$ cat final_32.csv   # CSV, C-alpha atoms
chain,number,residue,atom,x,y,z
H,1062,MET,CA,-46.8,-22.1,-9.0
H,1063,SER,CA,-48.4,-24.1,-6.2
H,1064,GLN,CA,-46.9,-23.2,-2.9
H,1065,ARG,CA,-47.7,-25.8,-0.2
H,1066,GLY,CA,-45.6,-24.6,2.7
H,1067,PHE,CA,-42.1,-25.5,4.0
H,1068,ARG,CA,-43.0,-28.7,5.9
H,1069,THR,CA,-45.2,-30.3,3.2
H,1070,ALA,CA,-42.7,-29.5,0.5
H,1071,LYS,CA,-39.9,-30.9,2.5
H,1072,ARG,CA,-41.8,-34.1,3.3
H,1073,ARG,CA,-42.8,-34.6,-0.3
H,1074,TYR,CA,-39.3,-34.0,-1.4
H,1075,HIS,CA,-37.8,-36.6,0.9
H,1076,TYR,CA,-40.6,-39.2,0.0
H,1077,LEU,CA,-39.4,-39.0,-3.6
H,1078,PHE,CA,-35.7,-38.3,-3.2
H,1079,TRP,CA,-34.6,-41.2,-0.9
H,1080,PRO,CA,-36.4,-44.1,-2.8
H,1081,LEU,CA,-35.0,-42.7,-6.0
H,1082,MET,CA,-31.5,-42.5,-4.6
H,1083,GLY,CA,-31.9,-46.1,-3.4
H,1084,VAL,CA,-32.9,-47.3,-6.8
H,1085,TYR,CA,-30.0,-45.3,-8.4
H,1086,THR,CA,-27.4,-46.8,-6.0
H,1087,VAL,CA,-28.7,-50.3,-6.7
H,1088,LEU,CA,-28.7,-49.7,-10.5
H,1089,VAL,CA,-25.2,-48.2,-10.4
H,1090,PHE,CA,-23.8,-51.3,-8.7
H,1091,ALA,CA,-25.9,-53.7,-10.8
H,1092,THR,CA,-24.9,-52.2,-14.1
H,1093,SER,CA,-21.2,-52.0,-13.1
H,1094,PHE,CA,-21.2,-55.7,-12.4
H,1095,LEU,CA,-23.4,-56.8,-15.3
H,1096,VAL,CA,-22.1,-54.6,-18.2
H,1097,ASP,CA,-18.7,-55.3,-19.4
H,1098,THR,CA,-17.8,-52.2,-21.5
H,1099,ASN,CA,-15.5,-54.3,-23.8
H,1100,THR,CA,-17.9,-57.1,-24.6
H,1101,ALA,CA,-21.5,-55.9,-23.9
H,1102,PRO,CA,-23.7,-55.1,-27.0
H,1103,THR,CA,-24.5,-51.5,-27.6
H,1104,TRP,CA,-28.2,-52.0,-26.9
H,1105,LEU,CA,-27.3,-53.2,-23.4
H,1106,LYS,CA,-25.0,-50.2,-22.8
H,1107,ILE,CA,-27.7,-47.8,-23.9
H,1108,THR,CA,-30.4,-49.5,-21.8
H,1109,SER,CA,-28.1,-49.5,-18.8
H,1110,ALA,CA,-27.2,-45.8,-19.2
H,1111,LEU,CA,-30.9,-44.9,-19.5
H,1112,ALA,CA,-31.8,-47.1,-16.5
H,1113,VAL,CA,-29.2,-45.5,-14.3
H,1114,THR,CA,-30.1,-42.0,-15.5
H,1115,LEU,CA,-33.9,-42.3,-15.0
H,1116,PRO,CA,-33.8,-42.1,-11.2
H,1117,LEU,CA,-31.6,-39.0,-11.5
H,1118,PHE,CA,-34.3,-37.4,-13.7
H,1119,GLY,CA,-36.7,-38.2,-10.9
H,1120,VAL,CA,-34.4,-36.5,-8.4
H,1121,LEU,CA,-34.2,-33.4,-10.7
H,1122,TYR,CA,-38.0,-33.4,-10.8
H,1123,ALA,CA,-38.2,-33.6,-7.0
H,1124,MET,CA,-35.8,-30.6,-6.8
H,1125,ARG,CA,-38.0,-28.6,-9.2
H,1126,ARG,CA,-41.2,-29.5,-7.4
H,1127,GLN,CA,-39.7,-28.6,-4.0
H,1128,THR,CA,-38.6,-25.3,-5.3
H,1129,GLU,CA,-42.1,-24.6,-6.4
H,1130,GLU,CA,-43.8,-25.8,-3.3
H,1131,THR,CA,-41.6,-24.6,-0.5
H,1132,ASP,CA,-41.8,-21.2,1.3
H,1133,GLU,CA,-40.7,-18.1,-0.5
H,1134,TYR,CA,-37.4,-17.5,1.4
H,1135,THR,CA,-36.2,-21.1,1.0
H,1136,ARG,CA,-37.2,-20.9,-2.7
H,1137,MET,CA,-35.1,-17.8,-3.1
H,1138,ARG,CA,-32.1,-19.4,-1.4
H,1139,GLN,CA,-32.4,-22.5,-3.5
H,1140,LEU,CA,-32.7,-20.6,-6.7
H,1141,GLN,CA,-29.6,-18.5,-5.8
H,1142,ALA,CA,-27.7,-21.7,-5.1
H,1143,MET,CA,-28.9,-23.3,-8.4
H,1144,ARG,CA,-27.8,-20.1,-10.2
H,1145,ASP,CA,-24.3,-20.3,-8.6
H,1146,GLY,CA,-24.0,-24.0,-9.3
H,1147,GLY,CA,-25.2,-23.6,-12.9
H,1148,LEU,CA,-22.9,-20.6,-13.6
H,1149,ILE,CA,-19.8,-22.3,-12.1
H,1150,THR,CA,-20.5,-25.5,-14.0
H,1151,ALA,CA,-21.0,-23.6,-17.2
H,1152,ALA,CA,-17.8,-21.7,-16.6
H,1153,CYS,CA,-15.9,-24.9,-15.9
H,1154,ALA,CA,-17.4,-26.5,-19.0
H,1155,PHE,CA,-16.2,-23.6,-21.2
H,1156,LEU,CA,-12.7,-23.6,-19.6
H,1157,VAL,CA,-12.2,-27.4,-20.0
H,1158,GLY,CA,-13.6,-27.2,-23.5
H,1159,PHE,CA,-11.1,-24.5,-24.6
H,1160,LEU,CA,-8.3,-26.3,-22.8
H,1161,GLN,CA,-9.2,-29.4,-24.8
H,1162,ILE,CA,-9.4,-27.4,-28.1
H,1163,PHE,CA,-5.9,-26.0,-27.5
H,1164,GLU,CA,-4.8,-29.5,-26.6
H,1165,VAL,CA,-3.7,-28.7,-23.1
H,1166,LEU,CA,-6.0,-31.2,-21.6
H,1167,ASP,CA,-6.8,-34.7,-22.7
H,1168,VAL,CA,-10.5,-35.8,-22.9
H,1169,ILE,CA,-12.3,-35.4,-19.5
H,1170,SER,CA,-15.5,-37.3,-19.0
H,1171,VAL,CA,-18.6,-35.1,-19.4
H,1172,PHE,CA,-20.1,-37.2,-16.5
H,1173,TRP,CA,-18.2,-35.1,-13.9
H,1174,PHE,CA,-20.1,-31.9,-14.8
H,1175,GLY,CA,-23.2,-33.4,-13.1
H,1176,PRO,CA,-21.5,-33.9,-9.7
H,1177,LEU,CA,-19.8,-30.6,-10.1
H,1178,PHE,CA,-23.2,-28.8,-10.4
H,1179,PHE,CA,-24.6,-30.6,-7.3
H,1180,ILE,CA,-21.4,-29.9,-5.3
H,1181,THR,CA,-21.3,-26.2,-6.2
H,1182,TYR,CA,-25.1,-26.0,-5.7
H,1183,GLY,CA,-24.8,-27.5,-2.2
H,1184,LEU,CA,-21.8,-25.4,-1.2
H,1185,SER,CA,-23.5,-22.2,-2.4
H,1186,PHE,CA,-26.7,-23.1,-0.4
H,1187,CYS,CA,-24.7,-23.9,2.8
H,1188,THR,CA,-22.4,-20.8,2.6
H,1189,GLN,CA,-25.1,-18.2,1.8
H,1190,ASN,CA,-25.4,-17.4,5.5
H,1191,PHE,CA,-21.8,-18.2,6.4
H,1192,GLY,CA,-20.6,-16.1,9.3
H,1193,LYS,CA,-24.1,-14.9,10.1
H,1194,VAL,CA,-26.3,-16.1,13.0
H,1195,VAL,CA,-29.2,-17.9,11.4
D,530,MET,CA,-37.8,-2.9,5.8
D,531,LYS,CA,-37.9,-2.6,9.6
D,532,ASN,CA,-40.3,-4.7,11.6
D,533,ILE,CA,-41.3,-5.6,15.2
D,534,LEU,CA,-41.6,-9.3,14.5
D,535,LYS,CA,-39.0,-10.2,17.1
D,536,ILE,CA,-40.7,-8.1,19.8
D,537,LEU,CA,-44.1,-9.6,19.0
D,538,ARG,CA,-42.7,-13.1,19.0
D,539,THR,CA,-40.9,-12.8,22.3
D,540,GLU,CA,-44.0,-11.3,23.9
D,541,LYS,CA,-45.8,-14.5,23.0
D,542,GLY,CA,-42.8,-16.5,24.3
D,543,TRP,CA,-42.3,-18.3,21.0
D,544,SER,CA,-39.0,-19.4,19.6
D,545,GLN,CA,-38.2,-18.7,16.0
D,546,ALA,CA,-38.8,-22.4,15.2
D,547,ALA,CA,-42.3,-22.2,16.9
D,548,LEU,CA,-43.3,-19.2,14.9
D,549,ALA,CA,-41.9,-20.8,11.7
D,550,GLU,CA,-44.1,-23.8,12.3
D,551,LYS,CA,-47.2,-21.7,12.8
D,552,LEU,CA,-46.5,-19.9,9.5
D,553,ASP,CA,-45.3,-23.0,7.8
D,554,VAL,CA,-42.0,-21.5,6.7
D,555,SER,CA,-38.4,-22.3,7.6
D,556,ARG,CA,-36.8,-21.0,10.8
D,557,GLN,CA,-34.2,-19.3,8.6
D,558,SER,CA,-37.1,-17.3,7.0
D,559,ILE,CA,-38.2,-15.9,10.4
D,560,ASN,CA,-34.6,-15.0,11.2
D,561,ALA,CA,-34.1,-13.3,7.8
D,562,ILE,CA,-37.3,-11.3,8.3
D,563,GLU,CA,-36.5,-10.3,11.9
D,564,THR,CA,-33.0,-9.1,10.9
D,565,GLY,CA,-34.3,-7.2,7.9
D,566,LYS,CA,-32.4,-9.3,5.5
D,567,TYR,CA,-35.5,-10.4,3.7
D,568,ASP,CA,-38.8,-8.6,3.1
D,569,PRO,CA,-41.8,-11.0,3.1
D,570,SER,CA,-44.3,-11.2,0.3
D,571,LEU,CA,-47.8,-9.7,0.8
D,572,PRO,CA,-49.4,-13.1,1.5
D,573,LEU,CA,-46.8,-13.9,4.2
D,574,ALA,CA,-47.0,-10.4,5.7
D,575,PHE,CA,-50.8,-10.9,5.9
D,576,ALA,CA,-50.3,-14.3,7.5
D,577,VAL,CA,-48.0,-12.7,10.1
D,578,ALA,CA,-50.5,-9.9,10.7
D,579,ARG,CA,-53.4,-12.3,11.2
D,580,LEU,CA,-51.3,-14.5,13.5
D,581,PHE,CA,-50.6,-11.5,15.8
D,582,GLY,CA,-54.0,-9.8,15.3
D,583,ARG,CA,-52.4,-6.6,14.2
D,584,PRO,CA,-52.5,-4.5,11.0
D,585,ILE,CA,-49.6,-5.1,8.6
D,586,GLU,CA,-48.4,-1.4,8.9
D,587,GLU,CA,-48.1,-1.8,12.6
D,588,ILE,CA,-45.7,-4.7,12.2
D,589,PHE,CA,-43.8,-3.7,9.1
D,590,ASP,CA,-42.4,-0.2,8.6
D,591,ASP,CA,-41.3,0.9,5.1
D,592,GLU,CA,-40.7,4.6,6.0
D,593,VAL,CA,-37.0,4.3,5.5
D,594,GLU,CA,-37.4,2.8,2.0
D,595,LEU,CA,-40.1,5.3,1.1
D,596,ALA,CA,-37.7,8.1,2.1
D,597,HIS,CA,-35.0,6.7,-0.1
D,598,ALA,CA,-37.5,6.4,-3.0
D,599,ALA,CA,-38.6,10.0,-2.6
D,600,GLU,CA,-35.0,11.3,-2.8
$ encode --input "final_32.csv" --output "structure tokens"
Amino acid sequence: MSQRGFRTAKRRYHYLFWPLMGVYTVLVFATSFLVDTNTAPTWLKITSALAVTLPLFGVLYAMRRQTEETDEYTRMRQLQAMRDGGLITAACAFLVGFLQIFEVLDVISVFWFGPLFFITYGLSFCTQNFGKVV
Amino acid sequence: MKNILKILRTEKGWSQAALAEKLDVSRQSINAIETGKYDPSLPLAFAVARLFGRPIEEIFDDEVELAHAAE
């Protein structure tokens, strides 16, 4: 683990996060206009899916790197939030999976588990000190 | 673990943010240490001690926890 300090870690995270999110946004719009899911060939669909996903892999790397480089208390809070996000997402995946097996639910796109993780991660991080003076 | 970080900080006239900047940690870290919600690692405790020019045991007091451990 290579701790660099809170400020350096934050700066390095933002330098990587925002350009990647910019690329991601452009690719989402571009592929949604260019790829017609009814007529596009499979190779184009796969390429588009990979192209859109690659910046997200970069964001995940930035999160991992920041967790390693930031100060110890921030790291602890982030890991706790990731734990909460991961566990809630896993629980929801199991629940939805069994509801589908028992044919209570129709097919739900797996895509939504990604945003669910990030939302629960963010909420957990923000509410750790809820009601306390920080 | 009890500590006198808040007293030392206010003696210097520093805000939590100013101390956090000197130690290169988040302001929330300073608050958590001052309120006893979080115990710093040895490297951070040494950095705090160096910054205030005092020995670690003068700033951080683990007597309460040691008493619990002895019971």
$ residues_around --input "final_32.csv" --residues "segment 534-549 of chain D" --least-positions-apart "2" --cutoff "9 Å" --atoms "only C-alpha atoms" --output "number ranges by chain"
D: 532, 551-560, 562-564, 577, 581, 588-589
$ closest_residue --input "final_32.csv" --among "H:Tyr1134, H:Phe1078, H:Phe1090, H:Tyr1085" --to "chain D" --atoms "all atoms listed in the file"
H:Tyr1134
$ residues_around --input "final_32.csv" --residues "Glu587 of chain D" --least-positions-apart "4" --cutoff "10 Å" --atoms "only C-alpha atoms" --output "MDAnalysis selection string"
chainID D and resid 532:533 578 583
$ closest_residue --input "final_32.csv" --among "H:Asn1190, H:Thr1092, H:Leu1081, H:Phe1067" --to "Ile1107 of chain H" --atoms "all atoms listed in the file"
H:Thr1092
$ closest_atom_pairs --input "final_32.csv" --of "chain H" --to "chain D" --cutoff "12 Å" --atoms "only C-alpha atoms" --output "CSV"
residue,atom,partner,partner_atom,distance
H:Gln1064,CA,D:Asp553,CA,10.8
H:Arg1065,CA,D:Asp553,CA,8.8
H:Gly1066,CA,D:Asp553,CA,5.4
H:Phe1067,CA,D:Val554,CA,4.8
H:Arg1068,CA,D:Asp553,CA,6.4
H:Thr1069,CA,D:Asp553,CA,8.6
H:Ala1070,CA,D:Asp553,CA,10.1
H:Lys1071,CA,D:Ser555,CA,10.1
H:Glu1130,CA,D:Val554,CA,11.0
H:Thr1131,CA,D:Val554,CA,7.8
H:Asp1132,CA,D:Val554,CA,5.4
H:Glu1133,CA,D:Ser570,CA,7.8
H:Tyr1134,CA,D:Ser558,CA,5.6
H:Thr1135,CA,D:Ser555,CA,7.1
H:Arg1136,CA,D:Ser558,CA,10.3
H:Met1137,CA,D:Tyr567,CA,10.1
H:Arg1138,CA,D:Ser558,CA,10.0
H:Gln1189,CA,D:Gln557,CA,11.4
H:Asn1190,CA,D:Gln557,CA,9.5
H:Lys1193,CA,D:Ala561,CA,10.4
H:Val1194,CA,D:Asn560,CA,8.6
H:Val1195,CA,D:Gln557,CA,5.9
$ atom_distance --input "final_32.csv" --atom1 "atom CA of Tyr1182 of chain H" --atom2 "atom CA of Ile1149 of chain H"
9.1 Å
$ atom_distance --input "final_32.csv" --atom1 "atom CA of Gly1147 of chain H" --atom2 "atom CA of Phe1178 of chain H"
6.1 Å
$ closest_residue --input "final_32.csv" --among "H:Leu1077, H:Cys1187, H:Val1087, H:Leu1148" --to "Arg1125 of chain H" --atoms "all atoms listed in the file"
H:Leu1077
$ closest_residue --input "final_32.csv" --among "H:Ala1154, H:Leu1140, H:Leu1095, H:Met1082" --to "Pro1116 of chain H" --atoms "all atoms listed in the file"
H:Met1082
$ atom_distance --input "final_32.csv" --atom1 "atom CA of Phe1174 of chain H" --atom2 "atom CA of Phe1118 of chain H"
15.3 Å
$ residues_around --input "final_32.csv" --residues "Asp590 of chain D" --least-positions-apart "4" --cutoff "7 Å" --atoms "all atoms listed in the file" --output "number ranges by chain"
D: 530-532, 586
$ decode --input "final_32.csv" --residues "segment 1098-1135 of chain H" --atoms "N, CA, C and O atoms" --output "PDB file, in the first residue's frame"
ATOM      1  N   THR H1098     -30.233  -1.447 -31.890  1.00  0.00           N
ATOM      2  CA  THR H1098     -30.179  -2.812 -31.339  1.00  0.00           C
ATOM      3  C   THR H1098     -30.898  -3.841 -32.211  1.00  0.00           C
ATOM      4  O   THR H1098     -30.625  -5.035 -32.113  1.00  0.00           O
ATOM      5  N   ASN H1099     -31.791  -3.369 -33.066  1.00  0.00           N
ATOM      6  CA  ASN H1099     -32.516  -4.314 -33.935  1.00  0.00           C
ATOM      7  C   ASN H1099     -31.717  -4.694 -35.177  1.00  0.00           C
ATOM      8  O   ASN H1099     -31.814  -5.819 -35.665  1.00  0.00           O
ATOM      9  N   THR H1100     -30.934  -3.751 -35.674  1.00  0.00           N
ATOM     10  CA  THR H1100     -30.271  -3.999 -36.965  1.00  0.00           C
ATOM     11  C   THR H1100     -28.751  -4.098 -36.874  1.00  0.00           C
ATOM     12  O   THR H1100     -28.124  -4.650 -37.777  1.00  0.00           O
ATOM     13  N   ALA H1101     -28.142  -3.582 -35.820  1.00  0.00           N
ATOM     14  CA  ALA H1101     -26.672  -3.560 -35.741  1.00  0.00           C
ATOM     15  C   ALA H1101     -26.111  -4.969 -35.642  1.00  0.00           C
ATOM     16  O   ALA H1101     -26.706  -5.830 -34.986  1.00  0.00           O
ATOM     17  N   PRO H1102     -24.963  -5.212 -36.300  1.00  0.00           N
ATOM     18  CA  PRO H1102     -24.340  -6.538 -36.187  1.00  0.00           C
ATOM     19  C   PRO H1102     -23.803  -6.778 -34.768  1.00  0.00           C
ATOM     20  O   PRO H1102     -23.504  -5.816 -34.036  1.00  0.00           O
ATOM     21  N   THR H1103     -23.643  -8.040 -34.422  1.00  0.00           N
ATOM     22  CA  THR H1103     -23.227  -8.395 -33.054  1.00  0.00           C
ATOM     23  C   THR H1103     -21.871  -7.796 -32.708  1.00  0.00           C
ATOM     24  O   THR H1103     -21.651  -7.333 -31.585  1.00  0.00           O
ATOM     25  N   TRP H1104     -20.932  -7.823 -33.689  1.00  0.00           N
ATOM     26  CA  TRP H1104     -19.593  -7.300 -33.396  1.00  0.00           C
ATOM     27  C   TRP H1104     -19.663  -5.829 -32.993  1.00  0.00           C
ATOM     28  O   TRP H1104     -18.920  -5.375 -32.113  1.00  0.00           O
ATOM     29  N   LEU H1105     -20.580  -5.076 -33.615  1.00  0.00           N
ATOM     30  CA  LEU H1105     -20.705  -3.655 -33.284  1.00  0.00           C
ATOM     31  C   LEU H1105     -21.312  -3.468 -31.891  1.00  0.00           C
ATOM     32  O   LEU H1105     -20.890  -2.596 -31.124  1.00  0.00           O
ATOM     33  N   LYS H1106     -22.253  -4.335 -31.565  1.00  0.00           N
ATOM     34  CA  LYS H1106     -22.866  -4.264 -30.223  1.00  0.00           C
ATOM     35  C   LYS H1106     -21.823  -4.571 -29.142  1.00  0.00           C
ATOM     36  O   LYS H1106     -21.749  -3.879 -28.114  1.00  0.00           O
ATOM     37  N   ILE H1107     -21.012  -5.625 -29.399  1.00  0.00           N
ATOM     38  CA  ILE H1107     -19.990  -5.999 -28.413  1.00  0.00           C
ATOM     39  C   ILE H1107     -18.947  -4.897 -28.285  1.00  0.00           C
ATOM     40  O   ILE H1107     -18.562  -4.510 -27.166  1.00  0.00           O
ATOM     41  N   THR H1108     -18.514  -4.368 -29.421  1.00  0.00           N
ATOM     42  CA  THR H1108     -17.515  -3.297 -29.398  1.00  0.00           C
ATOM     43  C   THR H1108     -18.049  -2.079 -28.655  1.00  0.00           C
ATOM     44  O   THR H1108     -17.334  -1.454 -27.851  1.00  0.00           O
ATOM     45  N   SER H1109     -19.298  -1.742 -28.921  1.00  0.00           N
ATOM     46  CA  SER H1109     -19.897  -0.578 -28.255  1.00  0.00           C
ATOM     47  C   SER H1109     -19.997  -0.801 -26.747  1.00  0.00           C
ATOM     48  O   SER H1109     -19.678   0.097 -25.950  1.00  0.00           O
ATOM     49  N   ALA H1110     -20.426  -2.011 -26.365  1.00  0.00           N
ATOM     50  CA  ALA H1110     -20.557  -2.310 -24.928  1.00  0.00           C
ATOM     51  C   ALA H1110     -19.196  -2.218 -24.245  1.00  0.00           C
ATOM     52  O   ALA H1110     -19.073  -1.646 -23.153  1.00  0.00           O
ATOM     53  N   LEU H1111     -18.152  -2.756 -24.909  1.00  0.00           N
ATOM     54  CA  LEU H1111     -16.806  -2.699 -24.329  1.00  0.00           C
ATOM     55  C   LEU H1111     -16.304  -1.261 -24.245  1.00  0.00           C
ATOM     56  O   LEU H1111     -15.719  -0.849 -23.243  1.00  0.00           O
ATOM     57  N   ALA H1112     -16.570  -0.492 -25.307  1.00  0.00           N
ATOM     58  CA  ALA H1112     -16.101   0.895 -25.343  1.00  0.00           C
ATOM     59  C   ALA H1112     -16.727   1.721 -24.221  1.00  0.00           C
ATOM     60  O   ALA H1112     -16.057   2.538 -23.581  1.00  0.00           O
ATOM     61  N   VAL H1113     -18.004   1.500 -23.978  1.00  0.00           N
ATOM     62  CA  VAL H1113     -18.695   2.254 -22.920  1.00  0.00           C
ATOM     63  C   VAL H1113     -18.233   1.804 -21.533  1.00  0.00           C
ATOM     64  O   VAL H1113     -18.144   2.591 -20.596  1.00  0.00           O
ATOM     65  N   THR H1114     -17.919   0.517 -21.435  1.00  0.00           N
ATOM     66  CA  THR H1114     -17.542  -0.035 -20.124  1.00  0.00           C
ATOM     67  C   THR H1114     -16.116   0.323 -19.729  1.00  0.00           C
ATOM     68  O   THR H1114     -15.825   0.477 -18.535  1.00  0.00           O
ATOM     69  N   LEU H1115     -15.225   0.466 -20.727  1.00  0.00           N
ATOM     70  CA  LEU H1115     -13.813   0.717 -20.404  1.00  0.00           C
ATOM     71  C   LEU H1115     -13.593   1.944 -19.499  1.00  0.00           C
ATOM     72  O   LEU H1115     -12.834   1.858 -18.521  1.00  0.00           O
ATOM     73  N   PRO H1116     -14.216   3.093 -19.781  1.00  0.00           N
ATOM     74  CA  PRO H1116     -14.031   4.234 -18.860  1.00  0.00           C
ATOM     75  C   PRO H1116     -14.505   3.926 -17.438  1.00  0.00           C
ATOM     76  O   PRO H1116     -13.926   4.421 -16.476  1.00  0.00           O
ATOM     77  N   LEU H1117     -15.544   3.076 -17.332  1.00  0.00           N
ATOM     78  CA  LEU H1117     -16.022   2.709 -15.991  1.00  0.00           C
ATOM     79  C   LEU H1117     -14.988   1.856 -15.259  1.00  0.00           C
ATOM     80  O   LEU H1117     -14.812   1.985 -14.050  1.00  0.00           O
ATOM     81  N   PHE H1118     -14.297   0.982 -16.016  1.00  0.00           N
ATOM     82  CA  PHE H1118     -13.206   0.212 -15.397  1.00  0.00           C
ATOM     83  C   PHE H1118     -12.140   1.182 -14.866  1.00  0.00           C
ATOM     84  O   PHE H1118     -11.556   0.982 -13.804  1.00  0.00           O
ATOM     85  N   GLY H1119     -11.904   2.240 -15.660  1.00  0.00           N
ATOM     86  CA  GLY H1119     -10.932   3.258 -15.238  1.00  0.00           C
ATOM     87  C   GLY H1119     -11.371   3.947 -13.961  1.00  0.00           C
ATOM     88  O   GLY H1119     -10.553   4.215 -13.067  1.00  0.00           O
ATOM     89  N   VAL H1120     -12.657   4.234 -13.856  1.00  0.00           N
ATOM     90  CA  VAL H1120     -13.192   4.875 -12.645  1.00  0.00           C
ATOM     91  C   VAL H1120     -13.035   3.941 -11.441  1.00  0.00           C
ATOM     92  O   VAL H1120     -12.651   4.373 -10.346  1.00  0.00           O
ATOM     93  N   LEU H1121     -13.306   2.664 -11.664  1.00  0.00           N
ATOM     94  CA  LEU H1121     -13.139   1.692 -10.566  1.00  0.00           C
ATOM     95  C   LEU H1121     -11.672   1.634 -10.131  1.00  0.00           C
ATOM     96  O   LEU H1121     -11.372   1.551  -8.941  1.00  0.00           O
ATOM     97  N   TYR H1122     -10.761   1.711 -11.112  1.00  0.00           N
ATOM     98  CA  TYR H1122      -9.334   1.737 -10.777  1.00  0.00           C
ATOM     99  C   TYR H1122      -8.999   2.995  -9.966  1.00  0.00           C
ATOM    100  O   TYR H1122      -8.251   2.944  -8.986  1.00  0.00           O
ATOM    101  N   ALA H1123      -9.583   4.122 -10.378  1.00  0.00           N
ATOM    102  CA  ALA H1123      -9.336   5.385  -9.653  1.00  0.00           C
ATOM    103  C   ALA H1123      -9.829   5.273  -8.207  1.00  0.00           C
ATOM    104  O   ALA H1123      -9.167   5.764  -7.277  1.00  0.00           O
ATOM    105  N   MET H1124     -10.978   4.632  -8.031  1.00  0.00           N
ATOM    106  CA  MET H1124     -11.511   4.432  -6.669  1.00  0.00           C
ATOM    107  C   MET H1124     -10.567   3.565  -5.849  1.00  0.00           C
ATOM    108  O   MET H1124     -10.271   3.855  -4.687  1.00  0.00           O
ATOM    109  N   ARG H1125     -10.089   2.500  -6.465  1.00  0.00           N
ATOM    110  CA  ARG H1125      -9.181   1.588  -5.762  1.00  0.00           C
ATOM    111  C   ARG H1125      -7.890   2.321  -5.385  1.00  0.00           C
ATOM    112  O   ARG H1125      -7.410   2.207  -4.261  1.00  0.00           O
ATOM    113  N   ARG H1126      -7.362   3.081  -6.329  1.00  0.00           N
ATOM    114  CA  ARG H1126      -6.103   3.796  -6.082  1.00  0.00           C
ATOM    115  C   ARG H1126      -6.277   4.833  -4.987  1.00  0.00           C
ATOM    116  O   ARG H1126      -5.422   4.982  -4.115  1.00  0.00           O
ATOM    117  N   GLN H1127      -7.398   5.550  -5.019  1.00  0.00           N
ATOM    118  CA  GLN H1127      -7.610   6.567  -3.992  1.00  0.00           C
ATOM    119  C   GLN H1127      -7.731   5.929  -2.605  1.00  0.00           C
ATOM    120  O   GLN H1127      -7.229   6.455  -1.619  1.00  0.00           O
ATOM    121  N   THR H1128      -8.401   4.778  -2.571  1.00  0.00           N
ATOM    122  CA  THR H1128      -8.536   4.076  -1.295  1.00  0.00           C
ATOM    123  C   THR H1128      -7.164   3.712  -0.726  1.00  0.00           C
ATOM    124  O   THR H1128      -6.945   3.765   0.475  1.00  0.00           O
ATOM    125  N   GLU H1129      -6.248   3.353  -1.610  1.00  0.00           N
ATOM    126  CA  GLU H1129      -4.895   3.010  -1.158  1.00  0.00           C
ATOM    127  C   GLU H1129      -4.104   4.239  -0.731  1.00  0.00           C
ATOM    128  O   GLU H1129      -3.319   4.181   0.212  1.00  0.00           O
ATOM    129  N   GLU H1130      -4.308   5.331  -1.444  1.00  0.00           N
ATOM    130  CA  GLU H1130      -3.407   6.477  -1.266  1.00  0.00           C
ATOM    131  C   GLU H1130      -3.865   7.497  -0.225  1.00  0.00           C
ATOM    132  O   GLU H1130      -3.061   8.286   0.259  1.00  0.00           O
ATOM    133  N   THR H1131      -5.149   7.507   0.099  1.00  0.00           N
ATOM    134  CA  THR H1131      -5.655   8.557   0.977  1.00  0.00           C
ATOM    135  C   THR H1131      -5.268   8.303   2.435  1.00  0.00           C
ATOM    136  O   THR H1131      -4.653   7.277   2.751  1.00  0.00           O
ATOM    137  N   ASP H1132      -5.644   9.215   3.313  1.00  0.00           N
ATOM    138  CA  ASP H1132      -5.288   9.041   4.727  1.00  0.00           C
ATOM    139  C   ASP H1132      -6.112   7.914   5.350  1.00  0.00           C
ATOM    140  O   ASP H1132      -7.138   7.494   4.814  1.00  0.00           O
ATOM    141  N   GLU H1133      -5.646   7.436   6.488  1.00  0.00           N
ATOM    142  CA  GLU H1133      -6.193   6.197   7.064  1.00  0.00           C
ATOM    143  C   GLU H1133      -7.670   6.295   7.462  1.00  0.00           C
ATOM    144  O   GLU H1133      -8.421   5.337   7.284  1.00  0.00           O
ATOM    145  N   TYR H1134      -8.086   7.438   7.992  1.00  0.00           N
ATOM    146  CA  TYR H1134      -9.484   7.563   8.438  1.00  0.00           C
ATOM    147  C   TYR H1134     -10.425   7.605   7.242  1.00  0.00           C
ATOM    148  O   TYR H1134     -11.475   6.942   7.223  1.00  0.00           O
ATOM    149  N   THR H1135     -10.037   8.354   6.199  1.00  0.00           N
ATOM    150  CA  THR H1135     -10.852   8.411   4.988  1.00  0.00           C
ATOM    151  C   THR H1135     -10.927   7.024   4.351  1.00  0.00           C
ATOM    152  O   THR H1135     -11.988   6.601   3.874  1.00  0.00           O
TER     153      THR H1135
END
